[in-house]
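Peer 1: Could you have a look at this structure, given as structure tokens, before my questions?
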Amino acid sequence: MNNHFTLLAVKTPGGDVLPDLVFWPITALFAALFALMFLIFLRKRSSKTMQIIIYVAMILCAVAAIACLALLGKYYLDNIKGDDYYSPFLKKAPLYISAVVLVGTIVAMTLILGSKQSFAFDSRTIAFGAICIAMSFALSYVRLFKLPQGGSVTLVSLLPLLIFSYIFGIKKGVLIGAIYGVLQAIQDPFIIHPAQFLLDYPIAFSTVGLGGIFSEIKAFKKCPQIPLLLGGLLVGVFRFMAHFLSGVFAFGAYANEAGQSNVGIYSLGYNSFVFVDIAITIAVGMVLFSSKAFVKEIVNKQKARLATVTSANASTDSNSKVGIDPTDNEKSDSTDTPRNDD
């Protein structure tokens, strides 16, 4: 059996335990991603000198993320590599390739399909994003059932993130989903390899951000349940792919222990819980989106977001023509023009 349980030290909210070498890097990664969101918010509202400092801070966030993955790699080398349980079935090269391909696919879809969306975070977006992460995290504790090797069917824990992506777009939705994924790694940890960590947590949950892809299609404006349904199905497929690939290339030991020689079939069956989870989320979401009052509130927030983006773009274009610093104009706008939070 593997010996990685000898270093267990830190209890998680889910009742499991994590070694310090895993817990603190993941916590630092969560803090770095959350800090990145605030830095993006500050970047548009700072002087040129301050913007340079902010860009340096963003680079430090990236360095922190790389250092976290390096520490997870050290944990793998010290405790998993060479054991007689996971190692015989762990395929490192396919794991890395799977993670890179999925990240590339998600980023490409986000940039192409969300090309007209802004990635600038304002105070409203940050507040709404933080609330949605908190709500999803709280709902993730309401588990209808939990699987023995990680994963669970929850009471619509992904719905707040799905609604966030529906309102604010997939660019911001993917980042918020990734932050939530790292938080999930603290709550429900099953980590044996850095690439497996990426697949099962930040990558798997960043796909929730893709749920807002269809929200701006005009043909669906009169029936908002359709973009929610299509977006939810897309989320389910991509999240399943992430967990499925992790199961095939990292957790083949569980298939062997269960007497299943075909790791793919075992992973296919085990990770099918994803579709049950997203089906419940879609069902409850469609009930919410059937409420005219709820849809009106969602539409108002979408209009407020689009108005903010249009105003910012127009201000930047006009200032660039006359050689005015956009930040000066933003400061005057913030004092002279009343804000509409609806």
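Simple scheme: letters A, B, ... for chains in structure tokens order, numbers from 1 for residues in each chain, numbers from 1 for ligands in the order shown.
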List as an MDAnalysis selection string the protein and nucleic acid residues near segment 38-41 of chain A, meaning an atom at most 8 Å away when only C-alpha atoms are counted, but skip any in the same chain fewer than 4 places from it.
Peer 2: chainID A and resid 34 45 54 57:58 120:123 126
Peer 1: With only C-alpha atoms counted and 9 Å as the cut-off, give the residues of segment 166-231 of chain A in contact with segment 278-293 of chain A, each with its shortest interatomic distance in Å and the pair that gives it, as a tab-separated table.
Peer 2:
residue	atom	partner	partner_atom	distance
A:Cys223	CA	A:Ser290	CA	8.7
A:Pro224	CA	A:Phe289	CA	6.5
A:Gln225	CA	A:Met286	CA	5.4
A:Ile226	CA	A:Met286	CA	8.5
A:Leu228	CA	A:Met286	CA	7.2
A:Leu229	CA	A:Ile282	CA	6.1
Peer 1: Give me every helix (DSSP H, G or I) residue in segment 228-293 of chain A, going by DSSP on the backbone, as number ranges by chain.
Peer 2: A: 228-249, 252-257, 263-270, 273-288, 292-293
Peer 1: Pull N, CA and C atoms from the residues just selected and write them as a compact mmCIF listing (two decimals), in the first residue's frame.
Peer 2:
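Below you can see again07.txt, which holds the result:
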# COMPACT_ATOMS: atom_id res chain seq x y z
N LEU A 228 -29.38 28.38 -20.57
CA LEU A 228 -28.95 27.76 -19.31
C LEU A 228 -28.81 26.25 -19.50
N LEU A 229 -29.77 25.64 -20.19
CA LEU A 229 -29.73 24.20 -20.44
C LEU A 229 -28.52 23.82 -21.29
N LEU A 230 -28.30 24.52 -22.39
CA LEU A 230 -27.18 24.22 -23.28
C LEU A 230 -25.84 24.46 -22.59
N GLY A 231 -25.78 25.56 -21.85
CA GLY A 231 -24.54 25.86 -21.12
C GLY A 231 -24.25 24.82 -20.05
N GLY A 232 -25.31 24.40 -19.34
CA GLY A 232 -25.13 23.37 -18.31
C GLY A 232 -24.66 22.05 -18.89
N LEU A 233 -25.22 21.66 -20.03
CA LEU A 233 -24.79 20.43 -20.69
C LEU A 233 -23.33 20.50 -21.12
N LEU A 234 -22.93 21.67 -21.63
CA LEU A 234 -21.53 21.86 -22.02
C LEU A 234 -20.61 21.75 -20.82
N VAL A 235 -21.02 22.35 -19.71
CA VAL A 235 -20.24 22.25 -18.47
C VAL A 235 -20.10 20.80 -18.04
N GLY A 236 -21.21 20.05 -18.08
CA GLY A 236 -21.17 18.65 -17.68
C GLY A 236 -20.20 17.83 -18.52
N VAL A 237 -20.20 18.06 -19.83
CA VAL A 237 -19.32 17.30 -20.73
C VAL A 237 -17.85 17.61 -20.43
N PHE A 238 -17.52 18.88 -20.32
CA PHE A 238 -16.11 19.26 -20.10
C PHE A 238 -15.63 18.85 -18.70
N ARG A 239 -16.48 19.01 -17.70
CA ARG A 239 -16.07 18.59 -16.36
C ARG A 239 -15.88 17.07 -16.31
N PHE A 240 -16.78 16.35 -16.97
CA PHE A 240 -16.64 14.90 -17.02
C PHE A 240 -15.33 14.50 -17.69
N MET A 241 -14.97 15.17 -18.78
CA MET A 241 -13.72 14.85 -19.48
C MET A 241 -12.52 15.02 -18.57
N ALA A 242 -12.51 16.08 -17.78
CA ALA A 242 -11.39 16.32 -16.86
C ALA A 242 -11.28 15.21 -15.83
N HIS A 243 -12.39 14.85 -15.20
CA HIS A 243 -12.37 13.79 -14.18
C HIS A 243 -12.10 12.42 -14.81
N PHE A 244 -12.65 12.19 -16.00
CA PHE A 244 -12.45 10.91 -16.68
C PHE A 244 -10.97 10.69 -17.00
N LEU A 245 -10.31 11.70 -17.57
CA LEU A 245 -8.89 11.57 -17.92
C LEU A 245 -8.03 11.40 -16.68
N SER A 246 -8.38 12.09 -15.61
CA SER A 246 -7.67 11.91 -14.34
C SER A 246 -7.83 10.49 -13.84
N GLY A 247 -9.05 9.96 -13.93
CA GLY A 247 -9.30 8.59 -13.47
C GLY A 247 -8.54 7.55 -14.27
N VAL A 248 -8.44 7.77 -15.57
CA VAL A 248 -7.75 6.80 -16.44
C VAL A 248 -6.25 6.80 -16.20
N PHE A 249 -5.65 7.98 -16.11
CA PHE A 249 -4.19 8.08 -16.08
C PHE A 249 -3.58 8.22 -14.69
N GLY A 252 -5.74 4.44 -11.83
CA GLY A 252 -5.94 3.08 -12.30
C GLY A 252 -5.89 2.05 -11.19
N ALA A 253 -5.25 2.41 -10.07
CA ALA A 253 -5.15 1.49 -8.93
C ALA A 253 -6.52 1.14 -8.39
N TYR A 254 -7.45 2.10 -8.44
CA TYR A 254 -8.79 1.84 -7.91
C TYR A 254 -9.54 0.84 -8.79
N ALA A 255 -9.33 0.94 -10.11
CA ALA A 255 -9.95 -0.02 -11.02
C ALA A 255 -9.41 -1.42 -10.77
N ASN A 256 -8.09 -1.50 -10.57
CA ASN A 256 -7.46 -2.79 -10.30
C ASN A 256 -7.96 -3.38 -8.99
N GLU A 257 -8.12 -2.53 -7.99
CA GLU A 257 -8.60 -3.00 -6.68
C GLU A 257 -10.05 -3.50 -6.78
N VAL A 263 -9.48 0.19 -17.32
CA VAL A 263 -9.50 1.40 -16.51
C VAL A 263 -10.47 2.42 -17.09
N GLY A 264 -10.56 2.49 -18.42
CA GLY A 264 -11.46 3.46 -19.06
C GLY A 264 -12.91 3.24 -18.68
N ILE A 265 -13.35 1.98 -18.68
CA ILE A 265 -14.74 1.67 -18.32
C ILE A 265 -14.99 2.00 -16.86
N TYR A 266 -14.02 1.69 -16.00
CA TYR A 266 -14.17 2.01 -14.58
C TYR A 266 -14.30 3.51 -14.37
N SER A 267 -13.42 4.29 -15.01
CA SER A 267 -13.46 5.74 -14.87
C SER A 267 -14.74 6.31 -15.46
N LEU A 268 -15.20 5.72 -16.56
CA LEU A 268 -16.44 6.16 -17.19
C LEU A 268 -17.63 6.00 -16.24
N GLY A 269 -17.70 4.84 -15.59
CA GLY A 269 -18.79 4.60 -14.66
C GLY A 269 -18.67 5.41 -13.39
N TYR A 270 -17.46 5.49 -12.84
CA TYR A 270 -17.26 6.17 -11.57
C TYR A 270 -17.57 7.66 -11.69
N PHE A 273 -21.09 10.43 -12.04
CA PHE A 273 -21.79 11.23 -11.04
C PHE A 273 -21.87 12.69 -11.48
N VAL A 274 -20.92 13.12 -12.33
CA VAL A 274 -20.90 14.50 -12.82
C VAL A 274 -22.22 14.84 -13.52
N PHE A 275 -22.75 13.90 -14.31
CA PHE A 275 -23.97 14.17 -15.07
C PHE A 275 -25.19 14.23 -14.15
N VAL A 276 -25.17 13.45 -13.07
CA VAL A 276 -26.25 13.53 -12.08
C VAL A 276 -26.21 14.89 -11.40
N ASP A 277 -25.01 15.33 -11.03
CA ASP A 277 -24.82 16.60 -10.35
C ASP A 277 -25.29 17.77 -11.22
N ILE A 278 -24.87 17.78 -12.49
CA ILE A 278 -25.23 18.89 -13.37
C ILE A 278 -26.70 18.82 -13.76
N ALA A 279 -27.28 17.62 -13.82
CA ALA A 279 -28.70 17.48 -14.14
C ALA A 279 -29.57 18.13 -13.06
N ILE A 280 -29.20 17.92 -11.80
CA ILE A 280 -29.94 18.55 -10.69
C ILE A 280 -29.78 20.06 -10.75
N THR A 281 -28.56 20.51 -11.06
CA THR A 281 -28.29 21.95 -11.17
C THR A 281 -29.12 22.58 -12.28
N ILE A 282 -29.16 21.93 -13.44
CA ILE A 282 -29.92 22.45 -14.57
C ILE A 282 -31.42 22.48 -14.24
N ALA A 283 -31.92 21.41 -13.63
CA ALA A 283 -33.35 21.34 -13.31
C ALA A 283 -33.77 22.48 -12.39
N VAL A 284 -33.02 22.70 -11.32
CA VAL A 284 -33.35 23.79 -10.39
C VAL A 284 -33.15 25.15 -11.06
N GLY A 285 -32.09 25.25 -11.87
CA GLY A 285 -31.82 26.50 -12.59
C GLY A 285 -32.94 26.87 -13.54
N MET A 286 -33.49 25.89 -14.23
CA MET A 286 -34.57 26.16 -15.17
C MET A 286 -35.84 26.58 -14.45
N VAL A 287 -36.04 26.07 -13.25
CA VAL A 287 -37.18 26.53 -12.44
C VAL A 287 -36.99 28.00 -12.07
N LEU A 288 -35.79 28.36 -11.65
CA LEU A 288 -35.49 29.76 -11.32
C LEU A 288 -35.68 30.66 -12.54
N LYS A 292 -40.38 35.20 -13.87
CA LYS A 292 -40.20 36.46 -14.59
C LYS A 292 -39.43 37.47 -13.75
N ALA A 293 -39.65 37.48 -12.45
CA ALA A 293 -38.95 38.41 -11.57
C ALA A 293 -37.45 38.10 -11.54
Peer 1: Rounded to one decimal place, report the atom CA of Glu216 of chain A-atom CA of Ala35 of chain A distance in Å.
Peer 2: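 The value is 28.5 Å.
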Peer 1: Need the shell around segment 164-178 of chain A: protein/DNA/RNA residues with any atom at most 6 Å away, counting only C-alpha atoms. Skip same-chain ones fewer than 3 positions apart. Format as a list in words?
Peer 2: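 Contacts, with the query itself left out: Thr110, Leu161, Gly181, Pro202, Phe205, Ser206, Val208, Gly209, Leu210, Gly212, Ser215 and Gln302 of chain A.
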Peer 1: For the residues in that selection, give me N, CA and C atoms as a PDB file, in the first residue's frame.
Peer 2:
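The resulting selection.pdb:
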ATOM      1  N   THR A 110     -12.652  30.346 -24.587  1.00  0.00           N
ATOM      2  CA  THR A 110     -12.925  31.579 -23.848  1.00  0.00           C
ATOM      3  C   THR A 110     -12.541  32.803 -24.661  1.00  0.00           C
ATOM      4  N   LEU A 161     -22.308  29.619  -9.563  1.00  0.00           N
ATOM      5  CA  LEU A 161     -21.228  29.880 -10.528  1.00  0.00           C
ATOM      6  C   LEU A 161     -21.774  29.930 -11.946  1.00  0.00           C
ATOM      7  N   GLY A 181     -12.488  25.887  -7.806  1.00  0.00           N
ATOM      8  CA  GLY A 181     -11.879  24.559  -7.916  1.00  0.00           C
ATOM      9  C   GLY A 181     -10.736  24.357  -6.945  1.00  0.00           C
ATOM     10  N   PRO A 202      -8.842  22.808 -10.444  1.00  0.00           N
ATOM     11  CA  PRO A 202      -9.011  24.070 -11.183  1.00  0.00           C
ATOM     12  C   PRO A 202      -9.533  23.902 -12.605  1.00  0.00           C
ATOM     13  N   PHE A 205     -13.405  22.600 -12.581  1.00  0.00           N
ATOM     14  CA  PHE A 205     -14.399  23.579 -12.149  1.00  0.00           C
ATOM     15  C   PHE A 205     -14.322  24.887 -12.933  1.00  0.00           C
ATOM     16  N   SER A 206     -13.197  25.145 -13.592  1.00  0.00           N
ATOM     17  CA  SER A 206     -13.154  26.323 -14.477  1.00  0.00           C
ATOM     18  C   SER A 206     -14.120  26.158 -15.640  1.00  0.00           C
ATOM     19  N   VAL A 208     -17.079  25.406 -15.493  1.00  0.00           N
ATOM     20  CA  VAL A 208     -18.381  25.973 -15.145  1.00  0.00           C
ATOM     21  C   VAL A 208     -18.521  27.360 -15.768  1.00  0.00           C
ATOM     22  N   GLY A 209     -17.390  28.042 -15.947  1.00  0.00           N
ATOM     23  CA  GLY A 209     -17.420  29.356 -16.570  1.00  0.00           C
ATOM     24  C   GLY A 209     -17.895  29.336 -18.012  1.00  0.00           C
ATOM     25  N   LEU A 210     -17.793  28.179 -18.656  1.00  0.00           N
ATOM     26  CA  LEU A 210     -18.254  28.065 -20.041  1.00  0.00           C
ATOM     27  C   LEU A 210     -19.777  28.017 -20.128  1.00  0.00           C
ATOM     28  N   GLY A 212     -21.904  30.168 -19.568  1.00  0.00           N
ATOM     29  CA  GLY A 212     -22.535  31.396 -20.050  1.00  0.00           C
ATOM     30  C   GLY A 212     -22.345  31.656 -21.527  1.00  0.00           C
ATOM     31  N   SER A 215     -25.574  32.747 -23.370  1.00  0.00           N
ATOM     32  CA  SER A 215     -26.444  33.732 -22.713  1.00  0.00           C
ATOM     33  C   SER A 215     -26.688  34.983 -23.551  1.00  0.00           C
ATOM     34  N   GLN A 302     -27.222  42.077 -16.549  1.00  0.00           N
ATOM     35  CA  GLN A 302     -26.519  41.971 -17.824  1.00  0.00           C
ATOM     36  C   GLN A 302     -26.440  43.324 -18.511  1.00  0.00           C
TER      37      GLN A 302
END
